[in-house]
Amino acid sequence: MAPVHFNEYLPECGVPQVAAYLPMRIPRTGRLYRGANRLLGPLLTRAASPSLIHRTYYTPMGSPSGVPVVVTVFDMIHELFADRFPAGDTTSRDKRASLERADHILCISESTANDLVRLFDIPREKMSVTHLGYSNIFATPRTAQETAPHARPYLLYVGHRVGYKNFDMALKAYASSARLRGEFDFVTFGGPPLSASERSLIEELGLAPSQVVRIGGSDADLARAYRHARAFVYPSQYEGFGIPPLEAMSSGCPVACSDVSSVPEVVGQAAALFDPMDVESIRAALESLCLNDVRRQSMIDAGNERVRQFSWDRCAADTVAAYRKVLGT
């Protein structure tokens, strides 16, 4: 049982039986979908006569009596950053209720499992860790004919830029280094266009508008952006796992990233770690990769080794192992 935005992947997987497949998201219908889930979900579940139910979110929904339930927990952002969500947000309450009813819990990192023990007081033995993987498209080698997505050498930031993603601190660190800002631009991939407040910050930091560029595109475009970047910076204050560092490593791009939550668990010794709330720490990590060819190559080599420990096949195998544990098979 999964959110609607997962449905687009089902046809590619060749799943032989899918009940109530919804092929698209319709804007502003979230409340309607949740209501339909609560009403139709139990009926469809009973009709399918499952041996086990795996929920990948916390929408309140009844389950057939006697059927074990597994729930995936991705992170504890709603608990750790509660002040950044609307006052009426019920996600944390629904999560707690869902996990209390679950027979087993899958966490996508040891960090998330530890947070769950600490914040919800759930026994660790009720959990399994199933690390995530990354798309093979990012392992596509760079060719001699391939052109970079940006004319000047650049540092790369990927994804949303608000709140705990900590984009502002990465930008401040870049701007604080005369050599970084002199030799490289700062490219951000994905997310919305640069906002008025972000453009104001760029101006306040003494950067030219042409030095901070937002681009976008497909996963193939993102892979090309990784392959040509001098370094990838990942300054997030919290992640339940963190796939972008693996994408960067598999693309041959060295990684500078936060030393908090699950991020060190993912990157191991294959990245330049920094304190995400310390501009000087971020600057030093970026300079160590961008301005030292030997250090940069060592991190690229380490990253190539590190990513071999993660794959969607391994994630699937670990998930099936958890199912078997619950079912006693």
# chains A, B, ... in the order shown; residues from 1 in each chain; ligands from 1
call {"tool": "residues_around", "arguments": {"residues": "range 80-83 of chain A", "least_positions_apart": "5", "cutoff": "10 Å", "atoms": "only C-alpha atoms", "output": "list in words"}}
result
Asp75, Asp89, Ser92, Asp115, Leu119, Gly163, Tyr164 and Tyr238 of chain A
call {"tool": "write_last_selection", "arguments": {"atoms": "N, CA and C atoms", "output": "short mmCIF file (atom, residue, chain, number, x, y, z; two decimals), in the first residue's frame"}}
result
data_model
loop_
_atom_site.label_atom_id
_atom_site.label_comp_id
_atom_site.auth_asym_id
_atom_site.auth_seq_id
_atom_site.Cartn_x
_atom_site.Cartn_y
_atom_site.Cartn_z
N ASP A 75 11.80 8.94 7.88
CA ASP A 75 12.53 9.93 8.67
C ASP A 75 11.65 10.40 9.81
N ASP A 89 -1.21 19.99 11.33
CA ASP A 89 -0.66 18.82 10.66
C ASP A 89 -0.75 17.60 11.59
N SER A 92 2.53 13.42 12.49
CA SER A 92 3.22 12.78 13.61
C SER A 92 2.25 11.93 14.44
N ASP A 115 16.44 7.37 15.96
CA ASP A 115 15.53 8.49 16.23
C ASP A 115 14.16 7.97 16.67
N LEU A 119 12.55 9.07 20.11
CA LEU A 119 11.41 9.99 20.10
C LEU A 119 10.07 9.31 20.37
N GLY A 163 14.31 25.56 4.18
CA GLY A 163 14.31 24.96 5.51
C GLY A 163 15.55 24.15 5.82
N TYR A 164 15.32 22.94 6.32
CA TYR A 164 16.42 22.09 6.80
C TYR A 164 17.36 21.64 5.69
N TYR A 238 19.23 17.45 8.19
CA TYR A 238 18.68 16.16 8.59
C TYR A 238 18.20 15.40 7.36
#
call {"tool": "residues_around", "arguments": {"residues": "Leu194 in chain A", "least_positions_apart": "2", "cutoff": "10 Å", "atoms": "only C-alpha atoms", "output": "tab-separated table (two decimals) with C-alpha atoms, in the first residue's frame"}}
result
chain	number	residue	atom	x	y	z
A	161	ARG	CA	16.47	24.65	-1.12
A	188	THR	CA	21.64	24.31	-8.29
A	191	GLY	CA	13.54	22.78	-7.23
A	192	PRO	CA	11.65	25.94	-8.16
A	196	ALA	CA	13.25	36.83	-4.53
A	197	SER	CA	14.77	36.16	-1.11
A	198	GLU	CA	17.42	33.88	-2.62
A	199	ARG	CA	18.30	36.52	-5.21
A	200	SER	CA	18.55	39.07	-2.41
A	212	VAL	CA	24.49	31.26	-9.05
A	213	VAL	CA	22.45	29.41	-11.66
A	214	ARG	CA	19.41	27.19	-11.36
A	215	ILE	CA	18.98	24.47	-14.00
call {"tool": "closest_residue", "arguments": {"among": "A:Ala231, A:Ala271, A:Val260, A:Ala317", "to": "Asp301 in chain A", "atoms": "only C-alpha atoms"}}
result
A:Ala271
call {"tool": "select_by_dssp", "arguments": {"residues": "range 1-225 of chain A", "states": "strand (DSSP E)", "output": "PyMOL selection string"}}
result
chain A and resi 53-55+69-73+104-107+127-129+154-158+185-189+212-215
call {"tool": "residues_around", "arguments": {"residues": "Glu305 in chain A", "least_positions_apart": "4", "cutoff": "10 Å", "atoms": "only C-alpha atoms", "output": "list in words"}}
result
Met249, Ser250, Ala270, Met299, Ile300, Asp301 and Gln309 of chain A
call {"tool": "write_last_selection", "arguments": {"atoms": "N, CA and C atoms", "output": "mmCIF file, in the first residue's frame"}}
result
data_model
loop_
_atom_site.group_PDB
_atom_site.id
_atom_site.type_symbol
_atom_site.label_atom_id
_atom_site.label_comp_id
_atom_site.auth_asym_id
_atom_site.auth_seq_id
_atom_site.Cartn_x
_atom_site.Cartn_y
_atom_site.Cartn_z
ATOM 1 N N MET A 249 28.356 10.037 -6.197
ATOM 2 C CA MET A 249 29.478 9.101 -6.175
ATOM 3 C C MET A 249 29.466 8.187 -7.390
ATOM 4 N N SER A 250 28.283 7.664 -7.735
ATOM 5 C CA SER A 250 28.204 6.741 -8.867
ATOM 6 C C SER A 250 28.486 7.447 -10.189
ATOM 7 N N ALA A 270 33.891 8.109 2.395
ATOM 8 C CA ALA A 270 34.029 8.480 0.977
ATOM 9 C C ALA A 270 33.553 9.888 0.678
ATOM 10 N N MET A 299 38.719 10.972 -3.138
ATOM 11 C CA MET A 299 37.308 10.895 -2.778
ATOM 12 C C MET A 299 36.470 10.284 -3.912
ATOM 13 N N ILE A 300 36.840 10.571 -5.152
ATOM 14 C CA ILE A 300 36.152 9.941 -6.286
ATOM 15 C C ILE A 300 36.337 8.428 -6.229
ATOM 16 N N ASP A 301 37.586 7.986 -5.987
ATOM 17 C CA ASP A 301 37.875 6.545 -5.917
ATOM 18 C C ASP A 301 37.130 5.899 -4.748
ATOM 19 N N GLN A 309 27.937 -0.779 -2.041
ATOM 20 C CA GLN A 309 27.240 -1.328 -0.881
ATOM 21 C C GLN A 309 25.736 -1.056 -0.915
#
call {"tool": "residues_around", "arguments": {"residues": "Ser258 in chain A", "least_positions_apart": "4", "cutoff": "7 Å", "atoms": "only C-alpha atoms", "output": "list in words"}}
result
Tyr234, Pro235, Ser236, Val263, Leu273, Phe274, Asp275 and Pro276 of chain A
call {"tool": "closest_residue", "arguments": {"among": "A:Glu247, A:Ala284, A:Asn292, A:Val267", "to": "Asn136 in chain A", "atoms": "only C-alpha atoms"}}
result
A:Glu247
call {"tool": "select_by_dssp", "arguments": {"residues": "range 37-215 of chain A", "states": "alpha helix (DSSP H)", "output": "number ranges by chain"}}
result
A: 37-48, 77-80, 91-101, 110-120, 167-175, 178-183, 196-204
call {"tool": "closest_residue", "arguments": {"among": "A:Ile122, A:Arg308, A:Ser262, A:Val255", "to": "Ala285 in chain A", "atoms": "only C-alpha atoms"}}
result
A:Val255
call {"tool": "atom_distance", "arguments": {"atom1": "CA of Asp278 in chain A", "atom2": "CA of Glu265 in chain A"}}
result
20.4 Å
call {"tool": "atom_distance", "arguments": {"atom1": "CA of Gly216 in chain A", "atom2": "CA of Ser251 in chain A"}}
result
17.2 Å
call {"tool": "atom_distance", "arguments": {"atom1": "CA of Cys257 in chain A", "atom2": "CA of Val187 in chain A"}}
result
16.0 Å
call {"tool": "residues_around", "arguments": {"residues": "His131 in chain A", "least_positions_apart": "5", "cutoff": "7 Å", "atoms": "only C-alpha atoms", "output": "mmCIF file with C-alpha atoms, in the first residue's frame"}}
result
data_model
loop_
_atom_site.group_PDB
_atom_site.id
_atom_site.type_symbol
_atom_site.label_atom_id
_atom_site.label_comp_id
_atom_site.auth_asym_id
_atom_site.auth_seq_id
_atom_site.Cartn_x
_atom_site.Cartn_y
_atom_site.Cartn_z
ATOM 1 C CA ILE A 108 15.691 3.260 5.858
ATOM 2 C CA SER A 109 18.745 3.902 8.048
ATOM 3 C CA CYS A 315 16.915 -3.060 -0.544
#
call {"tool": "closest_residue", "arguments": {"among": "A:Ala170, A:Arg181, A:Pro141, A:Pro209", "to": "Phe232 in chain A", "atoms": "only C-alpha atoms"}}
result
A:Ala170
call {"tool": "closest_residue", "arguments": {"among": "A:Leu222, A:Ala316, A:Ile282, A:Ala87", "to": "Ala173 in chain A", "atoms": "only C-alpha atoms"}}
result
A:Ile282
call {"tool": "residues_around", "arguments": {"residues": "Arg124 in chain A", "least_positions_apart": "3", "cutoff": "10 Å", "atoms": "only C-alpha atoms", "output": "PyMOL selection string"}}
result
chain A and resi 105+113-114+116-118+121+127-128
call {"tool": "residues_around", "arguments": {"residues": "Ala220 in chain A", "least_positions_apart": "6", "cutoff": "10 Å", "atoms": "only C-alpha atoms", "output": "mmCIF file with C-alpha atoms, in the first residue's frame"}}
result
data_model
loop_
_atom_site.group_PDB
_atom_site.id
_atom_site.type_symbol
_atom_site.label_atom_id
_atom_site.label_comp_id
_atom_site.auth_asym_id
_atom_site.auth_seq_id
_atom_site.Cartn_x
_atom_site.Cartn_y
_atom_site.Cartn_z
ATOM 1 C CA ILE A 137 21.383 5.935 -14.824
ATOM 2 C CA PHE A 138 23.849 7.808 -12.613
ATOM 3 C CA THR A 140 26.628 6.080 -16.992
ATOM 4 C CA TYR A 226 27.005 15.362 -11.592
#
